[in-house]
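A.B. asks: Structure file coords.cif (mmCIF, C-alpha atoms) is given on the next line.
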data_query
#
loop_
_atom_site.group_PDB
_atom_site.id
_atom_site.type_symbol
_atom_site.label_atom_id
_atom_site.label_comp_id
_atom_site.auth_asym_id
_atom_site.auth_seq_id
_atom_site.Cartn_x
_atom_site.Cartn_y
_atom_site.Cartn_z
ATOM 1 C CA MET A 739 210.222 174.168 89.521
ATOM 2 C CA SER A 740 206.675 173.841 90.815
ATOM 3 C CA LEU A 741 203.646 174.791 88.706
ATOM 4 C CA ARG A 742 202.817 177.547 91.173
ATOM 5 C CA HIS A 743 206.364 178.985 90.980
ATOM 6 C CA ARG A 744 206.313 178.846 87.156
ATOM 7 C CA SER A 745 203.036 180.760 87.050
ATOM 8 C CA HIS A 746 204.532 183.454 89.292
ATOM 9 C CA VAL A 747 207.555 183.756 86.981
ATOM 10 C CA ALA A 748 205.279 184.061 83.917
ATOM 11 C CA LEU A 749 203.165 186.692 85.663
ATOM 12 C CA ALA A 750 206.278 188.683 86.605
ATOM 13 C CA ALA A 751 207.507 188.593 83.004
ATOM 14 C CA CYS A 752 204.149 189.859 81.705
ATOM 15 C CA LEU A 753 204.090 192.651 84.296
ATOM 16 C CA PHE A 754 207.627 193.659 83.285
ATOM 17 C CA LEU A 755 206.630 193.867 79.603
ATOM 18 C CA LEU A 756 203.601 195.963 80.483
ATOM 19 C CA ALA A 757 205.758 198.246 82.607
ATOM 20 C CA ILE A 758 208.101 198.993 79.716
ATOM 21 C CA GLY A 759 205.181 199.611 77.371
ATOM 22 C CA ALA A 760 205.386 196.560 75.132
ATOM 23 C CA SER A 761 203.139 193.550 74.863
ATOM 24 C CA PRO A 762 204.833 190.145 74.433
ATOM 25 C CA ALA A 763 203.780 190.078 70.755
ATOM 26 C CA GLU A 764 204.912 193.653 70.080
ATOM 27 C CA ALA A 765 208.343 193.391 71.700
ATOM 28 C CA GLY A 766 210.025 191.602 68.764
ATOM 29 C CA ALA A 767 207.522 192.156 65.980
ATOM 30 C CA ASN A 768 208.276 194.227 62.882
ATOM 31 C CA LEU A 769 205.659 196.988 62.802
ATOM 32 C CA ILE A 770 206.368 197.837 59.141
ATOM 33 C CA VAL A 771 203.954 196.321 56.629
ATOM 34 C CA ASN A 772 205.656 194.734 53.611
ATOM 35 C CA GLY A 773 209.116 195.946 54.646
ATOM 36 C CA ASN A 774 210.779 193.337 52.422
ATOM 37 C CA PHE A 775 208.492 194.182 49.454
ATOM 38 C CA SER A 776 207.374 190.561 49.068
ATOM 39 C CA GLY A 777 203.840 191.995 48.771
ATOM 40 C CA GLY A 778 204.869 194.136 45.787
ATOM 41 C CA ASN A 779 203.657 197.719 45.551
ATOM 42 C CA SER A 780 201.486 197.670 48.683
ATOM 43 C CA GLY A 781 201.497 198.642 52.352
ATOM 44 C CA PHE A 782 203.231 202.009 51.899
ATOM 45 C CA SER A 783 202.854 205.324 50.089
ATOM 46 C CA SER A 784 205.291 207.349 47.979
ATOM 47 C CA GLY A 785 205.724 210.828 46.564
ATOM 48 C CA TYR A 786 207.415 209.154 43.587
ATOM 49 C CA THR A 787 205.672 207.611 40.569
ATOM 50 C CA TYR A 788 205.325 203.827 40.355
ATOM 51 C CA VAL A 789 206.601 202.559 36.973
ATOM 52 C CA ASN A 790 207.673 199.251 35.424
ATOM 53 C CA SER A 791 211.027 200.317 33.927
ATOM 54 C CA CYS A 792 213.711 202.944 34.377
ATOM 55 C CA GLY A 793 213.997 206.266 32.561
ATOM 56 C CA GLU A 794 211.771 208.521 34.658
ATOM 57 C CA TYR A 795 213.259 210.588 37.482
ATOM 58 C CA GLY A 796 211.329 210.584 40.717
ATOM 59 C CA ALA A 797 210.055 207.073 40.047
ATOM 60 C CA TYR A 798 210.294 203.676 41.716
ATOM 61 C CA MET A 799 209.899 200.050 40.751
ATOM 62 C CA ILE A 800 209.386 196.820 42.705
ATOM 63 C CA ALA A 801 211.320 193.913 41.182
ATOM 64 C CA LYS A 802 213.756 191.074 41.903
ATOM 65 C CA SER A 803 216.732 192.848 40.344
ATOM 66 C CA PRO A 804 217.580 196.375 39.150
ATOM 67 C CA PHE A 805 218.784 194.792 35.896
ATOM 68 C CA ALA A 806 215.266 193.401 35.351
ATOM 69 C CA VAL A 807 213.885 196.945 34.979
ATOM 70 C CA CYS A 808 216.934 198.678 33.481
ATOM 71 C CA ALA A 809 219.665 197.011 31.407
ATOM 72 C CA GLY A 810 222.219 199.598 32.575
ATOM 73 C CA TRP A 811 221.866 198.775 36.279
ATOM 74 C CA ALA A 812 223.539 196.072 38.375
ATOM 75 C CA ASP A 813 222.134 192.538 38.351
ATOM 76 C CA ILE A 814 221.809 191.871 42.083
ATOM 77 C CA GLY A 815 219.411 189.946 44.309
ATOM 78 C CA ASP A 816 217.451 191.413 47.186
ATOM 79 C CA HIS A 817 218.881 191.682 50.700
ATOM 80 C CA THR A 818 216.345 189.307 52.276
ATOM 81 C CA THR A 819 217.013 186.047 50.429
ATOM 82 C CA GLY A 820 218.754 187.013 47.185
ATOM 83 C CA ALA A 821 215.675 185.864 45.272
ATOM 84 C CA GLY A 822 212.914 188.171 46.545
ATOM 85 C CA LYS A 823 211.772 191.677 45.671
ATOM 86 C CA MET A 824 213.170 195.091 46.544
ATOM 87 C CA MET A 825 212.304 198.756 45.992
ATOM 88 C CA ILE A 826 214.328 200.259 43.128
ATOM 89 C CA VAL A 827 214.487 204.068 43.087
ATOM 90 C CA ASP A 828 215.317 206.470 40.252
ATOM 91 C CA GLY A 829 216.090 209.605 42.291
ATOM 92 C CA SER A 830 214.034 212.779 42.049
ATOM 93 C CA THR A 831 215.280 216.263 41.181
ATOM 94 C CA VAL A 832 212.559 217.693 43.458
ATOM 95 C CA PRO A 833 213.783 218.280 47.045
ATOM 96 C CA ASN A 834 212.104 216.876 50.167
ATOM 97 C CA THR A 835 210.092 214.223 48.339
ATOM 98 C CA ASP A 836 209.616 210.962 50.246
ATOM 99 C CA PHE A 837 210.114 207.882 48.087
ATOM 100 C CA TRP A 838 208.716 205.615 50.835
ATOM 101 C CA SER A 839 206.364 206.383 53.733
ATOM 102 C CA GLU A 840 204.133 204.525 56.163
ATOM 103 C CA ASP A 841 201.891 205.504 59.080
ATOM 104 C CA ILE A 842 202.428 203.321 62.154
ATOM 105 C CA ALA A 843 200.562 203.087 65.464
ATOM 106 C CA VAL A 844 203.076 203.365 68.323
ATOM 107 C CA SER A 845 202.989 203.245 72.118
ATOM 108 C CA PRO A 846 203.717 206.475 74.012
ATOM 109 C CA GLY A 847 206.903 206.594 76.080
ATOM 110 C CA THR A 848 208.581 203.830 74.081
ATOM 111 C CA GLU A 849 211.984 203.541 72.374
ATOM 112 C CA TYR A 850 211.976 202.175 68.822
ATOM 113 C CA VAL A 851 214.710 201.194 66.401
ATOM 114 C CA LEU A 852 214.269 201.591 62.628
ATOM 115 C CA LYS A 853 216.508 199.673 60.231
ATOM 116 C CA PHE A 854 216.769 199.331 56.487
ATOM 117 C CA TRP A 855 219.332 198.290 53.887
ATOM 118 C CA GLY A 856 220.345 199.980 50.649
ATOM 119 C CA THR A 857 222.895 200.077 47.862
ATOM 120 C CA SER A 858 223.532 201.996 44.662
ATOM 121 C CA VAL A 859 222.740 200.223 41.400
ATOM 122 C CA ASP A 860 224.898 202.012 38.807
ATOM 123 C CA PRO A 861 227.794 199.670 37.969
ATOM 124 C CA GLU A 862 230.113 202.353 36.573
ATOM 125 C CA ASN A 863 232.774 203.852 38.818
ATOM 126 C CA TYR A 864 232.824 207.507 37.852
ATOM 127 C CA ALA A 865 232.568 210.726 39.832
ATOM 128 C CA LYS A 866 228.989 211.556 40.776
ATOM 129 C CA PRO A 867 227.143 212.505 43.954
ATOM 130 C CA SER A 868 226.148 209.646 46.235
ATOM 131 C CA PRO A 869 222.525 209.026 47.230
ATOM 132 C CA ARG A 870 221.935 210.083 50.858
ATOM 133 C CA ILE A 871 218.869 208.566 52.522
ATOM 134 C CA GLN A 872 217.417 210.483 55.475
ATOM 135 C CA VAL A 873 214.803 209.102 57.867
ATOM 136 C CA TYR A 874 211.999 211.472 58.874
ATOM 137 C CA ILE A 875 209.488 210.684 61.620
ATOM 138 C CA ASN A 876 206.478 212.963 61.939
ATOM 139 C CA GLY A 877 208.222 215.462 59.676
ATOM 140 C CA GLN A 878 211.459 215.667 61.682
ATOM 141 C CA PRO A 879 214.836 214.209 60.612
ATOM 142 C CA VAL A 880 215.986 211.355 62.833
ATOM 143 C CA GLY A 881 219.590 210.165 62.949
ATOM 144 C CA ARG A 882 222.225 210.646 60.294
ATOM 145 C CA PRO A 883 221.542 209.936 56.626
ATOM 146 C CA LEU A 884 222.751 206.697 55.055
ATOM 147 C CA THR A 885 225.255 207.702 52.362
ATOM 148 C CA LEU A 886 225.471 205.076 49.653
ATOM 149 C CA PRO A 887 228.526 204.657 47.414
ATOM 150 C CA PRO A 888 228.317 206.477 44.065
ATOM 151 C CA HIS A 889 228.272 203.137 42.251
ATOM 152 C CA TYR A 890 227.350 199.536 43.068
ATOM 153 C CA ASP A 891 230.151 198.118 45.219
ATOM 154 C CA GLY A 892 228.820 194.600 45.738
ATOM 155 C CA GLN A 893 227.582 195.333 49.262
ATOM 156 C CA TRP A 894 224.302 196.096 51.031
ATOM 157 C CA HIS A 895 224.669 198.971 53.524
ATOM 158 C CA GLU A 896 222.659 199.133 56.763
ATOM 159 C CA ALA A 897 221.005 202.177 58.318
ATOM 160 C CA THR A 898 219.904 202.131 61.975
ATOM 161 C CA VAL A 899 218.209 204.959 63.872
ATOM 162 C CA ARG A 900 216.573 205.090 67.292
ATOM 163 C CA TRP A 901 213.483 207.118 68.070
ATOM 164 C CA SER A 902 211.575 207.812 71.283
ATOM 165 C CA SER A 903 207.819 208.111 70.803
ATOM 166 C CA GLY A 904 207.338 210.572 73.683
ATOM 167 C CA GLY A 905 203.614 211.319 73.821
ATOM 168 C CA ASN A 906 202.935 210.156 70.251
ATOM 169 C CA THR A 907 200.492 207.359 69.482
ATOM 170 C CA SER A 908 201.295 207.344 65.752
ATOM 171 C CA ALA A 909 204.368 207.857 63.613
ATOM 172 C CA THR A 910 204.633 208.807 59.953
ATOM 173 C CA ILE A 911 207.942 207.316 58.870
ATOM 174 C CA SER A 912 209.406 208.594 55.606
ATOM 175 C CA LEU A 913 212.586 207.945 53.626
ATOM 176 C CA VAL A 914 213.894 210.886 51.593
ATOM 177 C CA ASP A 915 216.826 211.017 49.168
ATOM 178 C CA LEU A 916 218.677 214.242 50.004
ATOM 179 C CA LYS A 917 220.377 214.332 46.595
ATOM 180 C CA GLN A 918 218.471 215.966 43.754
ATOM 181 C CA ASN A 919 220.524 214.911 40.769
ATOM 182 C CA TRP A 920 219.380 212.886 37.817
ATOM 183 C CA ASN A 921 222.817 211.427 37.019
ATOM 184 C CA GLY A 922 223.683 208.329 39.032
ATOM 185 C CA ASN A 923 221.088 208.889 41.736
ATOM 186 C CA ASP A 924 219.755 205.338 41.495
ATOM 187 C CA PHE A 925 219.543 202.893 44.383
ATOM 188 C CA VAL A 926 217.622 200.047 46.023
ATOM 189 C CA ILE A 927 216.071 199.689 49.478
ATOM 190 C CA ASP A 928 215.070 196.492 51.281
ATOM 191 C CA ASP A 929 214.169 195.004 54.676
ATOM 192 C CA ILE A 930 212.699 198.057 56.380
ATOM 193 C CA SER A 931 211.852 197.289 60.000
ATOM 194 C CA LEU A 932 210.582 199.116 63.084
ATOM 195 C CA ARG A 933 210.757 197.341 66.420
ATOM 196 C CA VAL A 934 210.570 198.178 70.103
ATOM 197 C CA PHE A 935 214.141 198.746 71.268
#
Do you think you could lay out the structure here as C-alpha cells?

C.D. replies:
Amino acid sequence: MSLRHRSHVALAACLFLLAIGASPAEAGANLIVNGNFSGGNSGFSSGYTYVNSCGEYGAYMIAKSPFAVCAGWADIGDHTTGAGKMMIVDGSTVPNTDFWSEDIAVSPGTEYVLKFWGTSVDPENYAKPSPRIQVYINGQPVGRPLTLPPHYDGQWHEATVRWSSGGNTSATISLVDLKQNWNGNDFVIDDISLRVF
C-alpha cells in the first residue's frame, strides 16, 4: 500500500470517528475515574459515610477484602486482579441514597455503556432480602437493577446498561441500593466503567 493511500485510509478513519461523535482516544477509554478503586477513597462522591470498619449502616469502606474490615464477612479478593482494592458497602436504611456517584463530561448524541461488578459478602446462607443495585443517570433510573444473591456465592456478578446522551454534555452517574434493610444488606462493587458504545 502506498504512503498516499495509507494517509487516505487514516484520514477516512478519523472522519468516521468524528462522525459518530467519538475521538480516537475516547472511543475505548474508561471515562470513570478510579473505577477499580486502586486510588482508594477518591474520584467519586457518596451519600454514605466513609469508615474503616463495619458496624455502621449507610457506610462504605475501601479495602482489599471484606474480611479485612469485618471478621464476619467473606474473605475474597477484588474483581480486577484478586489483590487490589474494592468498595465495600454496609447498606443504608434510608431510601434513595447513592453509595457511589460521579459527574462525567459526555458528548451529545452518543451511546454509552456502563458496566460494574458486584457480589454479596455475608457468608451465611439464610433467608434475607438481596441487595439490588440500580443505576441512575441525571436522576433517572437506567436499565434493570443488578440483584445480588442474599449471601456470598463465590461469584462476581456483572451489570451492564446502555445510555444515550441525547443533548446532554454531562452525566451524573449514581449507584443506589434499592433495599433498605440492615440485616444482610452488605456487598462489594468493583471495576466501574463508562465507555462509548

A.B. asks: Calculate how many Å separate CA of Asp891 in chain A from CA of Asn919 in chain A, rounding to one decimal.

C.D. replies: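 Interatomic distance here is 19.9 Å.
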
A.B. asks: Using the chain letters and numbers from the file, which residues does the PyMOL selection byres ((chain A and resi 793-807) around 6) grab, as a list in words?

C.D. replies: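 This file gives the following for the PyMOL selection byres ((chain A and resi 793-807) around 6): Tyr786, Thr787, Tyr788, Val789, Asn790, Ser791, Cys792, Cys808, Ala809, Trp811, Ala812, Asp813, Ile814, Gly815, Gly822, Lys823, Met824, Met825, Ile826, Val827, Asp828, Gly829 and Ser830 of chain A.
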
A.B. asks: Now that the selection is made, can you save its residues with C-alpha atoms as a CSV table (one decimal), keeping the file's coordinate frame?

C.D. replies:
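Writing done, so here's selection-v4.csv:
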chain,number,residue,atom,x,y,z
A,786,TYR,CA,207.4,209.2,43.6
A,787,THR,CA,205.7,207.6,40.6
A,788,TYR,CA,205.3,203.8,40.4
A,789,VAL,CA,206.6,202.6,37.0
A,790,ASN,CA,207.7,199.3,35.4
A,791,SER,CA,211.0,200.3,33.9
A,792,CYS,CA,213.7,202.9,34.4
A,808,CYS,CA,216.9,198.7,33.5
A,809,ALA,CA,219.7,197.0,31.4
A,811,TRP,CA,221.9,198.8,36.3
A,812,ALA,CA,223.5,196.1,38.4
A,813,ASP,CA,222.1,192.5,38.4
A,814,ILE,CA,221.8,191.9,42.1
A,815,GLY,CA,219.4,189.9,44.3
A,822,GLY,CA,212.9,188.2,46.5
A,823,LYS,CA,211.8,191.7,45.7
A,824,MET,CA,213.2,195.1,46.5
A,825,MET,CA,212.3,198.8,46.0
A,826,ILE,CA,214.3,200.3,43.1
A,827,VAL,CA,214.5,204.1,43.1
A,828,ASP,CA,215.3,206.5,40.3
A,829,GLY,CA,216.1,209.6,42.3
A,830,SER,CA,214.0,212.8,42.0

A.B. asks: Ranking A:Phe925, A:Phe935, A:Trp901, A:Phe775 by minimum distance to Arg870 in chain A and counting only C-alpha atoms, which one comes first?

C.D. replies: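 The answer is A:Phe925, which sits nearest to Arg870 in chain A.
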
A.B. asks: Determine the residue membership of the PyMOL selection byres ((chain A and resi 876) around 9) for the file above and supply it as JSON, numbers by chain.

C.D. replies: {"A": [874, 875, 877, 878, 879, 908, 909, 910, 911, 912]}

A.B. asks: CA of Asp928 in chain A and CA of Val832 in chain A, how far apart in Å?

C.D. replies: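 CA of Asp928 in chain A lies 22.7 Å from CA of Val832 in chain A.
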
A.B. asks: What gap, in Å, lies between CA of Ala897 in chain A and CA of Leu884 in chain A?

C.D. replies: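 Spanning CA of Ala897 in chain A to CA of Leu884 in chain A is a straight-line distance of 5.8 Å.
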
A.B. asks: Fewer than 5 positions away in the same chain doesn't count, so skip those; otherwise give me all residues within 10 Å of His889 in chain A, counting all atoms listed in the file, as a ChimeraX atom specification.

C.D. replies: /A:811-812,857-869,922-925

A.B. asks: Between A:Gly781, A:Gly773, A:Gly766, A:Gly905, which residue has the minimum interatomic distance to Gly847 in chain A, considering all atoms listed in the file?

C.D. replies: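 Of the candidates, the smallest distance to Gly847 in chain A is held by A:Gly905.
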
A.B. asks: Can you tell me, as a list in words, what residues are no more than 7 Å from Leu913 in chain A when counting all atoms listed in the file, ignoring any on the same chain fewer than 4 positions away?

C.D. replies: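 Close residues of Leu913 in chain A: Asp836, Phe837, Trp838, Ser839, Ile871, Gln872, Val873 and Tyr874 of chain A.
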
A.B. asks: Taking all atoms listed in the file into account, name the residue in A:Ile930, A:Val851, A:Tyr890, A:Asn834 that is nearest to Phe782 in chain A.

C.D. replies: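 The closest residue to Phe782 in chain A is A:Ile930.
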
A.B. asks: Do you know which residues lie at most 9 Å from (205.6, 197.9, 57.2), with coordinates as in the file and all atoms listed in the file counted, and could you write them as a list of chain:residue names?

C.D. replies: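 Result, sorted by chain then residue number: A:Asn768, A:Leu769, A:Ile770, A:Val771, A:Asn772, A:Gly773, A:Asn774, A:Gly781, A:Phe782, A:Glu840, A:Asp841, A:Ile842, A:Ile930, A:Ser931, A:Leu932.
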
A.B. asks: When you count only C-alpha atoms, which of these residues is closest to Thr885 in chain A: A:Ala767, A:Trp920, A:His817, A:Asp915?

C.D. replies: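 That would be A:Asp915, the residue with the smallest distance to Thr885 in chain A.
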
A.B. asks: Here is a test: counting all atoms listed in the file, which residue of A:Gln918, A:Val934, A:Ala843, A:Leu886 is nearest to Val899 in chain A?

C.D. replies: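 Of the candidates, the smallest distance to Val899 in chain A is held by A:Val934.
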
A.B. asks: Kindly output range 874-887 of chain A as a PDB file, keeping the file's coordinate frame, after building N, CA and C atoms.

C.D. replies:
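Result file is selection00.pdb:
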ATOM      1  N   TYR A 874     212.828 210.458  58.217  1.00  0.00           N
ATOM      2  CA  TYR A 874     211.999 211.472  58.874  1.00  0.00           C
ATOM      3  C   TYR A 874     210.892 210.755  59.633  1.00  0.00           C
ATOM      4  N   ILE A 875     210.623 211.203  60.851  1.00  0.00           N
ATOM      5  CA  ILE A 875     209.488 210.684  61.620  1.00  0.00           C
ATOM      6  C   ILE A 875     208.657 211.872  62.068  1.00  0.00           C
ATOM      7  N   ASN A 876     207.402 211.851  61.675  1.00  0.00           N
ATOM      8  CA  ASN A 876     206.478 212.963  61.939  1.00  0.00           C
ATOM      9  C   ASN A 876     207.063 214.293  61.482  1.00  0.00           C
ATOM     10  N   GLY A 877     207.705 214.254  60.311  1.00  0.00           N
ATOM     11  CA  GLY A 877     208.222 215.462  59.676  1.00  0.00           C
ATOM     12  C   GLY A 877     209.565 215.940  60.159  1.00  0.00           C
ATOM     13  N   GLN A 878     210.177 215.243  61.135  1.00  0.00           N
ATOM     14  CA  GLN A 878     211.459 215.667  61.682  1.00  0.00           C
ATOM     15  C   GLN A 878     212.557 214.664  61.313  1.00  0.00           C
ATOM     16  N   PRO A 879     213.748 215.147  60.913  1.00  0.00           N
ATOM     17  CA  PRO A 879     214.836 214.209  60.612  1.00  0.00           C
ATOM     18  C   PRO A 879     215.271 213.470  61.868  1.00  0.00           C
ATOM     19  N   VAL A 880     215.556 212.188  61.713  1.00  0.00           N
ATOM     20  CA  VAL A 880     215.986 211.355  62.833  1.00  0.00           C
ATOM     21  C   VAL A 880     217.279 210.651  62.429  1.00  0.00           C
ATOM     22  N   GLY A 881     218.315 210.813  63.231  1.00  0.00           N
ATOM     23  CA  GLY A 881     219.590 210.165  62.949  1.00  0.00           C
ATOM     24  C   GLY A 881     220.311 210.789  61.771  1.00  0.00           C
ATOM     25  N   ARG A 882     221.422 210.171  61.418  1.00  0.00           N
ATOM     26  CA  ARG A 882     222.225 210.646  60.294  1.00  0.00           C
ATOM     27  C   ARG A 882     221.791 209.937  59.021  1.00  0.00           C
ATOM     28  N   PRO A 883     221.927 210.602  57.873  1.00  0.00           N
ATOM     29  CA  PRO A 883     221.542 209.936  56.626  1.00  0.00           C
ATOM     30  C   PRO A 883     222.483 208.787  56.276  1.00  0.00           C
ATOM     31  N   LEU A 884     221.943 207.793  55.591  1.00  0.00           N
ATOM     32  CA  LEU A 884     222.751 206.697  55.055  1.00  0.00           C
ATOM     33  C   LEU A 884     223.300 207.160  53.708  1.00  0.00           C
ATOM     34  N   THR A 885     224.622 207.313  53.624  1.00  0.00           N
ATOM     35  CA  THR A 885     225.255 207.702  52.362  1.00  0.00           C
ATOM     36  C   THR A 885     225.686 206.447  51.633  1.00  0.00           C
ATOM     37  N   LEU A 886     225.143 206.246  50.456  1.00  0.00           N
ATOM     38  CA  LEU A 886     225.471 205.076  49.653  1.00  0.00           C
ATOM     39  C   LEU A 886     226.656 205.394  48.743  1.00  0.00           C
ATOM     40  N   PRO A 887     227.415 204.386  48.335  1.00  0.00           N
ATOM     41  CA  PRO A 887     228.526 204.657  47.414  1.00  0.00           C
ATOM     42  C   PRO A 887     227.986 205.176  46.085  1.00  0.00           C
TER      43      PRO A 887
END
